[in-house]
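Notes follow once the structure below has been shown.
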Amino acid sequence: MTTVLISGLGLIGSSMARIMKQSDVQPTILGDDPNDDTSQFLLDQGIIDERVTLLNAASRADIIVLAGPVSVIIGQLGQLVKTKLKPNALVTDVGSTKMQVMAASKPLQERNIAFMGGHPMAGSHKTGARAGKEDLLDNAVYFLVDGSQTATQTALFKACLEPAKLRWVTMSAEAHDGLVSEISHVPHVLAANLVNTADHQLKHDAVGLNAAAGGFKSTTRIAGADPTMWTAIMLSNSEVISEQLTSYMKQLKQIQSAIETHDADQIYQFFAHAQSVRERLDREGETR
Ligand SMILES: NC(=O)c1ccc[n+]([C@@H]2O[C@H](COP(=O)([O-])OP(=O)(O)OC[C@H]3O[C@@H](n4cnc5c(N)ncnc54)[C@H](O)[C@@H]3O)[C@@H](O)[C@H]2O)c1
Ligand SMILES: O=C(O)C(=O)C[C@]1(C(=O)O)C=C[C@@H](O)C=C1
């Protein structure tokens, strides 16, 4: 019988618990979350089998999944070093950044505890266990960053998540943080900035933002995401995000200049390139 302890039972942690319950592994799921309402809801739904605290129950787990905000994950890695674990236990996480997490896991790995970094590339702007879903991660890319895990431990973890039909991609923490900054972290900054700027500019406009339709709403859906989670991500990948924002601002200045000078050709190329990339993305999504 496999026992999985999930710490952080919000959107991602509770979705993973739901998926694991559907797997052939049928693990016993121990859940740790400071939120009483969340924990009771998941117990009532049979999504977790027992409410525990991470440090009290860590010694019972074959797999420990850290699924709180990145800042919490980093703190917990420090606490787990001083905690008795099963000799074959695998510790893993779901945090959206990997360089700081992998660095924080070093002392644990030096104690011969297996650690593997992880990050499912799916989610939502919604948070909490009630927003979690059994199909949230369906067909998503799931990044893995090698630590000190064995092939057997990786296989057991993958078997627990088998119902989601994940696309496992292994890469270094550096490559992960660069890539994910480009396709997730920077877009979250831009979406929030669009909303804040429009709100500021239209403050005294009687109709204002209420007239916003699909264009504004679909480009800014992710601005509805949780500020605690995104503050932790920004602080944890600040250098890379800042560098990419510099290059983004350079590109923005180029299109601004083309618009100012009525350079129709450059403006057309700007939109035509984006359109073809975006359409390719949709096509690839449909064939999956
Ligand atoms: N939201 C997404 O789209 C998404 C996608 C992939 C990965 N992630 C990553 O997954 C992690 C969780 O994100 P989420 O969207 O599930 O957030 P969430 O806010 O829905 O859930 C976080 C949970 O962690 C709990 N928590 C807070 N402090 C804790 C502590 N000290 N010990 C145990 N639990 C604690 C909270 O009570 C909450 O239930 C983050 O690291 C995030 O970067 C998020
Ligand atoms: O779909 C969303 O709303 C998300 O924000 C999911 C999303 C992203 O695509 O940026 C958010 C954070 C992650 O670490 C991975 C996925």
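A note on labels: chains of the structure tokens are A, B, ... as shown, every chain counts residues from 1, and ligands are counted from 1 in their shown order.
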Please tabulate, as a Markdown table, the residues of chain A that come within 10 Å of ligand 2, each with its closest pair of atoms and the distance in Å to one decimal, counting only C-alpha atoms and all ligand atoms and ordering rows by chain, then residue number upward.
| residue | atom | partner | partner_atom_place_in_ligand_line | distance |
| --- | --- | --- | --- | --- |
| A:Ile12 | CA | ligand 2 | 13 (C) | 9.7 |
| A:Val94 | CA | ligand 2 | 14 (O) | 8.1 |
| A:Gly95 | CA | ligand 2 | 14 (O) | 6.8 |
| A:Ser96 | CA | ligand 2 | 14 (O) | 4.0 |
| A:Thr97 | CA | ligand 2 | 14 (O) | 7.5 |
| A:His119 | CA | ligand 2 | 14 (O) | 6.7 |
| A:Pro120 | CA | ligand 2 | 15 (C) | 6.3 |
| A:Met121 | CA | ligand 2 | 15 (C) | 4.3 |
| A:Ala122 | CA | ligand 2 | 16 (C) | 4.3 |
| A:Gly123 | CA | ligand 2 | 6 (C) | 4.0 |
| A:Ser124 | CA | ligand 2 | 3 (O) | 3.3 |
| A:His125 | CA | ligand 2 | 3 (O) | 4.1 |
| A:Lys126 | CA | ligand 2 | 3 (O) | 7.3 |
| A:Thr127 | CA | ligand 2 | 3 (O) | 9.8 |
| A:Leu136 | CA | ligand 2 | 1 (O) | 9.6 |
| A:Leu137 | CA | ligand 2 | 16 (C) | 9.8 |
| A:Ala140 | CA | ligand 2 | 16 (C) | 9.6 |
| A:Val141 | CA | ligand 2 | 15 (C) | 9.6 |
| A:Tyr142 | CA | ligand 2 | 15 (C) | 9.5 |
| A:Val180 | CA | ligand 2 | 14 (O) | 7.7 |
| A:Ser181 | CA | ligand 2 | 10 (O) | 8.9 |
| A:Glu182 | CA | ligand 2 | 10 (O) | 9.6 |
| A:Ile183 | CA | ligand 2 | 10 (O) | 6.8 |
| A:Ser184 | CA | ligand 2 | 10 (O) | 3.8 |
| A:His185 | CA | ligand 2 | 10 (O) | 6.4 |
| A:Val186 | CA | ligand 2 | 10 (O) | 8.9 |
| A:Pro187 | CA | ligand 2 | 10 (O) | 7.4 |
| A:His188 | CA | ligand 2 | 10 (O) | 6.9 |
| A:Thr220 | CA | ligand 2 | 3 (O) | 9.9 |
| A:Arg221 | CA | ligand 2 | 3 (O) | 7.2 |
| A:Ile222 | CA | ligand 2 | 3 (O) | 5.1 |
| A:Ala223 | CA | ligand 2 | 3 (O) | 8.7 |
| A:Gly224 | CA | ligand 2 | 3 (O) | 8.4 |
| A:Ala225 | CA | ligand 2 | 3 (O) | 7.1 |
| A:Asp226 | CA | ligand 2 | 5 (O) | 9.7 |
| A:Met229 | CA | ligand 2 | 12 (C) | 9.1 |
| A:Trp230 | CA | ligand 2 | 12 (C) | 8.6 |
| A:Ile233 | CA | ligand 2 | 14 (O) | 8.6 |
Neighbours of Gln76 of chain A within 8 Å (only C-alpha atoms; same-chain residues fewer than 4 positions away dropped), as an MDAnalysis selection string?
chainID A and resid 66 72 80
Which residue, A:Leu11, A:Leu108, A:Val189, A:Ile6, has the smallest gap to ligand 1 when you use only C-alpha atoms and all ligand atoms?
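Counting only C-alpha atoms and all ligand atoms, the residue closest to ligand 1 is A:Leu11.
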Got a sec to tell me which of segment 31-152 of chain A DSSP assigns to alpha helix (DSSP H), as a count of residues only?
38
Which parts of segment 70-139 of chain A does DSSP call strand (DSSP E) when run on the backbone here, written out as an MDAnalysis selection string?
chainID A and resid 90:93 114:120
For a quick check of understanding, using only C-alpha atoms and all ligand atoms, which of A:Ala159, A:Ser236, A:Thr197, A:Thr2 has the smallest distance to ligand 1?
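Of A:Ala159, A:Ser236, A:Thr197, A:Thr2, the one nearest ligand 1 is A:Ser236, counting only C-alpha atoms and all ligand atoms.
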Have a look at A:Gly128, A:Pro27, A:Gly118, A:Pro87 and name the one nearest to ligand 1; count only C-alpha atoms and all ligand atoms.
A:Gly128
Neighbouring residues of Asn237 of chain A were defined as those with any atom within 9 Å, considering only C-alpha atoms; residues of the same chain fewer than 3 positions away were excluded. Please report them as a VMD selection string.
chain A and resid 97 to 100 177 to 178 181 185 232 to 234 240 to 242
Kindly give the distance, in Å, that separates atom 1 (N, counted along the ligand's line) of ligand 1 and atom CA of Gly13 of chain A, rounded to a single decimal.
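These atoms are spaced 9.8 Å apart.
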When you look at Ala211 of chain A with a cut-off of 12 Å (counting only C-alpha atoms), what residues show up, excluding the ones that are within fewer than 5 positions of it in the same chain? I need them as a count of residues only.
6
Check the smallest atom-to-atom distance from each of A:Phe115, A:Phe41, A:Tyr248, A:Phe157 to ligand 1 using only C-alpha atoms and all ligand atoms, then report the winner.
A:Phe41
Which residue, A:Asn88, A:Ser15, A:Thr246, A:Thr219, has the smallest gap to ligand 1 when you use only C-alpha atoms and all ligand atoms?
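Checking each candidate against ligand 1, we get A:Ser15 as the closest.
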